[in-house]
Structures are given as C-alpha cells and as structure tokens.
$ cat model-v3.pdb   # PDB, C-alpha atoms
ATOM      1  CA  ALA A   1      71.760 107.422 152.825
ATOM      2  CA  ALA A   2      71.704 103.650 152.293
ATOM      3  CA  GLU A   3      71.917 103.068 156.087
ATOM      4  CA  ALA A   4      68.946 105.401 156.655
ATOM      5  CA  THR A   5      66.866 103.558 154.067
ATOM      6  CA  GLU A   6      67.635 100.193 155.634
ATOM      7  CA  ALA A   7      66.744 101.535 159.067
ATOM      8  CA  GLU A   8      63.412 102.903 157.780
ATOM      9  CA  ALA A   9      62.594  99.578 156.136
ATOM     10  CA  ALA A  10      63.370  97.664 159.339
ATOM     11  CA  GLU A  11      61.200 100.022 161.391
ATOM     12  CA  ALA A  12      58.279  99.655 158.921
ATOM     13  CA  ALA A  13      58.553  95.868 159.120
ATOM     14  CA  LYS A  14      58.555  96.017 162.954
ATOM     15  CA  LEU A  15      55.402  98.191 162.984
ATOM     16  CA  ALA A  16      53.653  95.801 160.585
ATOM     17  CA  GLU A  17      54.443  92.841 162.866
ATOM     18  CA  GLU A  18      53.094  94.688 165.903
ATOM     19  CA  GLY A  19      49.874  95.481 164.016
ATOM     20  CA  GLU A  20      49.395  91.799 163.131
ATOM     21  CA  GLU A  21      49.960  90.762 166.753
ATOM     22  CA  GLN A  22      47.286  93.171 167.913
ATOM     23  CA  GLY A  23      44.861  91.851 165.260
ATOM     24  CA  LEU A  24      44.839  94.999 163.179
ATOM     25  CA  ALA A  25      44.531  94.459 159.462
ATOM     26  CA  SER A  26      46.631  96.664 157.224
ATOM     27  CA  ALA A  27      43.697  97.358 154.878
ATOM     28  CA  PRO A  28      39.993  97.064 155.608
ATOM     29  CA  ALA A  29      38.250  94.234 153.761
ATOM     30  CA  ALA A  30      35.957  95.356 150.935
ATOM     31  CA  PRO A  31      32.362  94.232 151.289
ATOM     32  CA  GLU A  32      31.475  91.544 148.757
ATOM     33  CA  ALA A  33      29.021  92.680 146.112
ATOM     34  CA  ALA A  34      25.929  90.606 145.526
ATOM     35  CA  PRO A  35      25.924  88.793 142.156
ATOM     36  CA  PRO A  36      23.756  90.411 139.504
ATOM     37  CA  PRO A  37      20.303  88.925 139.124
ATOM     38  CA  GLY A  38      20.023  86.258 136.434
ATOM     39  CA  PRO A  39      17.377  85.975 133.753
ATOM     40  CA  PRO A  40      13.899  85.131 134.937
ATOM     41  CA  LYS A  41      12.964  81.457 134.973
ATOM     42  CA  LEU A  42      10.531  80.483 132.236
ATOM     43  CA  GLU A  43       8.329  77.504 132.831
ATOM     44  CA  GLY A  44       6.154  75.300 130.645
ATOM     45  CA  GLU A  45       4.303  76.718 127.672
ATOM     46  CA  LEU A  46       5.984  80.142 127.857
ATOM     47  CA  SER A  47       9.459  78.631 127.543
ATOM     48  CA  GLN A  48       8.351  76.541 124.534
ATOM     49  CA  MET A  49       6.912  79.634 122.837
ATOM     50  CA  VAL A  50      10.106  81.651 123.392
ATOM     51  CA  LEU A  51      12.213  78.743 122.105
ATOM     52  CA  ALA A  52      10.051  78.453 118.973
ATOM     53  CA  GLN A  53      10.345  82.197 118.269
ATOM     54  CA  TRP A  54      14.111  82.114 118.832
ATOM     55  CA  SER A  55      14.493  79.152 116.483
ATOM     56  CA  SER A  56      12.437  80.957 113.851
ATOM     57  CA  VAL A  57      14.545  84.114 114.110
ATOM     58  CA  GLU A  58      17.752  82.086 114.016
ATOM     59  CA  ASP A  59      16.642  80.132 110.933
ATOM     60  CA  ASP A  60      15.643  83.348 109.136
ATOM     61  CA  PHE A  61      19.006  84.904 109.979
ATOM     62  CA  VAL A  62      20.964  81.901 108.715
ATOM     63  CA  THR A  63      18.879  81.755 105.519
ATOM     64  CA  GLN A  64      19.366  85.461 104.762
ATOM     65  CA  LEU A  65      23.077  85.232 105.562
ATOM     66  CA  LYS A  66      23.538  82.313 103.162
ATOM     67  CA  LYS A  67      21.622  84.198 100.477
ATOM     68  CA  SER A  68      23.714  87.357 100.970
ATOM     69  CA  LEU A  69      27.016  85.494 100.923
ATOM     70  CA  GLY A  70      25.912  83.641  97.780
ATOM     71  CA  GLN A  71      25.222  86.978  96.095
ATOM     72  CA  VAL A  72      28.644  88.256  97.147
ATOM     73  CA  ARG A  73      30.272  85.168  95.630
ATOM     74  CA  GLU A  74      28.280  85.662  92.413
ATOM     75  CA  LEU A  75      29.333  89.312  92.154
ATOM     76  CA  GLN A  76      32.941  88.369  92.780
ATOM     77  CA  LEU A  77      32.793  85.743  90.027
ATOM     78  CA  ARG A  78      31.229  88.217  87.582
ATOM     79  CA  GLY A  79      33.906  90.786  88.408
ATOM     80  CA  LEU A  80      36.708  88.297  87.807
ATOM     81  CA  GLN A  81      35.145  87.190  84.517
ATOM     82  CA  ARG A  82      34.869  90.792  83.364
ATOM     83  CA  VAL A  83      38.488  91.541  84.269
ATOM     84  CA  SER A  84      39.597  88.401  82.441
ATOM     85  CA  SER A  85      37.618  89.184  79.287
ATOM     86  CA  THR A  86      38.786  92.805  79.292
ATOM     87  CA  ARG A  87      42.404  91.696  79.628
ATOM     88  CA  ALA A  88      42.014  89.199  76.768
ATOM     89  CA  ALA A  89      40.410  91.869  74.556
ATOM     90  CA  PHE A  90      43.233  94.292  75.337
ATOM     91  CA  TYR A  91      45.882  91.685  74.453
ATOM     92  CA  ASP A  92      44.042  90.963  71.191
ATOM     93  CA  LEU A  93      44.000  94.682  70.411
ATOM     94  CA  LEU A  94      47.736  94.953  71.041
ATOM     95  CA  ARG A  95      48.527  91.931  68.873
ATOM     96  CA  ALA A  96      46.130  92.798  66.008
ATOM     97  CA  PRO A  97      47.767  93.611  62.687
ATOM     98  CA  ASP A  98      47.805  97.297  61.961
ATOM     99  CA  ALA A  99      47.245  98.637  58.435
ATOM    100  CA  ARG A 100      49.002 101.901  59.269
ATOM    101  CA  GLN A 101      52.431 100.282  59.037
ATOM    102  CA  ASP A 102      51.615  99.066  55.518
ATOM    103  CA  LEU A 103      50.536 102.616  54.596
ATOM    104  CA  VAL A 104      53.828 104.049  55.884
ATOM    105  CA  VAL A 105      55.866 101.479  53.963
ATOM    106  CA  ALA A 106      53.928 102.151  50.707
ATOM    107  CA  THR A 107      54.343 105.920  51.095
ATOM    108  CA  GLN A 108      58.058 105.528  51.824
ATOM    109  CA  GLU A 109      58.498 103.418  48.675
ATOM    110  CA  LYS A 110      56.699 106.076  46.570
ATOM    111  CA  PHE A 111      58.852 108.791  48.144
ATOM    112  CA  ASN A 112      62.080 106.886  47.413
ATOM    113  CA  ALA A 113      60.909 105.969  43.888
ATOM    114  CA  LEU A 114      61.029 109.642  42.848
ATOM    115  CA  PRO A 115      64.351 110.285  41.115
ATOM    116  CA  THR A 116      66.756 112.532  42.995
ATOM    117  CA  GLU A 117      66.852 115.123  40.191
ATOM    118  CA  LEU A 118      63.063 115.602  40.343
ATOM    119  CA  ARG A 119      63.078 116.070  44.110
ATOM    120  CA  TYR A 120      64.638 119.506  43.751
ATOM    121  CA  THR A 121      62.213 120.793  41.099
ATOM    122  CA  GLU A 122      58.989 122.559  42.025
ATOM    123  CA  SER A 123      56.809 119.820  40.564
ATOM    124  CA  GLY A 124      58.850 117.137  42.429
ATOM    125  CA  LYS A 125      58.533 119.003  45.707
ATOM    126  CA  ALA A 126      54.785 119.359  45.139
ATOM    127  CA  GLU A 127      54.562 115.582  44.503
ATOM    128  CA  LEU A 128      56.429 114.815  47.761
ATOM    129  CA  HIS A 129      54.224 117.223  49.729
ATOM    130  CA  MET A 130      51.163 115.590  48.241
ATOM    131  CA  LEU A 131      52.402 112.152  49.368
ATOM    132  CA  VAL A 132      52.891 113.405  52.930
ATOM    133  CA  GLU A 133      49.458 115.063  52.974
ATOM    134  CA  GLU A 134      47.815 111.846  51.747
ATOM    135  CA  MET A 135      49.518 109.883  54.488
ATOM    136  CA  GLN A 136      48.160 112.175  57.210
TER     137      GLN A 136
END
$ encode --input "model-v3.pdb" --output "structure tokens"
Amino acid sequence: AAEATEAEAAEAAKLAEEGEEQGLASAPAAPEAAPPPGPPKLEGELSQMVLAQWSSVEDDFVTQLKKSLGQVRELQLRGLQRVSSTRAAFYDLLRAPDARQDLVVATQEKFNALPTELRYTESGKAELHMLVEEMQ
C-alpha cells in the first residue's frame, strides 16, 4: 500500500511538471476586484462648514461625556459614604450598653434573695411567678 501511494505521488508530480511546461496554470487566476469608491472630495467653503459642524458635535459629545462620568463618580462617592455610615451605626448599635442585662441581673438577685423555705409555699411560688412575669 505504501508503494502504491508513492507511485501515485510521483505520477501526480510528473503531470504537474508537464502542465507547467505546456504553460497551463493549475488554477485560473481570479479577476482583481476594483477598490471601493472613497468618500467624495469636499472643496472650499463646503469642507470648512462640515469641519465646523463635526467639531461642534465632537465638543458637545466630550462635554456630555465628562458631565455623565462626573455624575457617576458623585453617585459612587455617595454610595460609599452611605455604606460607611451605615456600617459605623451598626457597630455602634452592637457596642451600645444594653439595659436588659441589668434587668436580668436584678431579677436574678430578687429570685435568689427569697429564702428556700418560702420558695415551696404557695405565696413564695406566686412571688417568683410575679418576678418572671415582670421581667417579660
């Protein structure tokens, strides 16, 4: 199979050489396409008018773009300030002293101040229940 492939390749090369000797091209040349037409030439006063309009449009665009980007920067700054102030307020809330702990400690002291013998009587139980209800 390898000998047959080599023989076919040699024969194809021989045919290509014969075609070149006879002046035959292997592929026909593609016709060259004409370049696309360029913009029309503007002369004198017309070109100055178009240039002035273009400059005006360009200046307006740049001005509006600067204004828009400035507003984006301002909004970004406001957002960061709000996040920062909210975070600071949250930390202050977490660190603020809480009166509920003092209430729990006071109630616990009243509960433990009741003598053990009274805790088992009906009036002692009612007193302890009252303390718990007041705490809620």
$ atom_distance --input "model-v3.pdb" --atom1 "atom CA of Gln81 of chain A" --atom2 "atom CA of Leu94 of chain A"
20.0 Å
$ closest_residue --input "model-v3.pdb" --among "A:Ala88, A:Leu65, A:Leu51, A:Met135" --to "Gln101 of chain A" --atoms "all atoms listed in the file"
A:Met135
$ axis_aligned_box --input "model-v3.pdb" --around "segment 118-130 of chain A" --padding-each-side "6 Å" --output "JSON"
{"center_x": 57.9, "center_y": 118.7, "center_z": 45.0, "size_x": 25.5, "size_y": 19.7, "size_z": 21.4}
$ atom_distance --input "model-v3.pdb" --atom1 "atom CA of Gln48 of chain A" --atom2 "atom CA of Val62 of chain A"
20.9 Å
$ closest_residue --input "model-v3.pdb" --among "A:Glu117, A:Glu74, A:Glu6, A:Glu109" --to "Leu131 of chain A" --atoms "all atoms listed in the file"
A:Glu109
$ closest_residue --input "model-v3.pdb" --among "A:Leu75, A:Val132, A:Leu69, A:Ala9" --to "Phe111 of chain A" --atoms "all atoms listed in the file"
A:Val132
$ atom_distance --input "model-v3.pdb" --atom1 "atom CA of Val105 of chain A" --atom2 "atom CA of Ser123 of chain A"
22.7 Å
$ resolve_selection --input "model-v3.pdb" --expression "the PyMOL selection byres ((chain A and resi 128) around 12)" --output "list in words"
Thr107, Gln108, Glu109, Lys110, Phe111, Asn112, Ala113, Leu114, Pro115, Thr116, Leu118, Arg119, Tyr120, Thr121, Glu122, Ser123, Gly124, Lys125, Ala126, Glu127, His129, Met130, Leu131, Val132, Glu133, Glu134 and Met135 of chain A
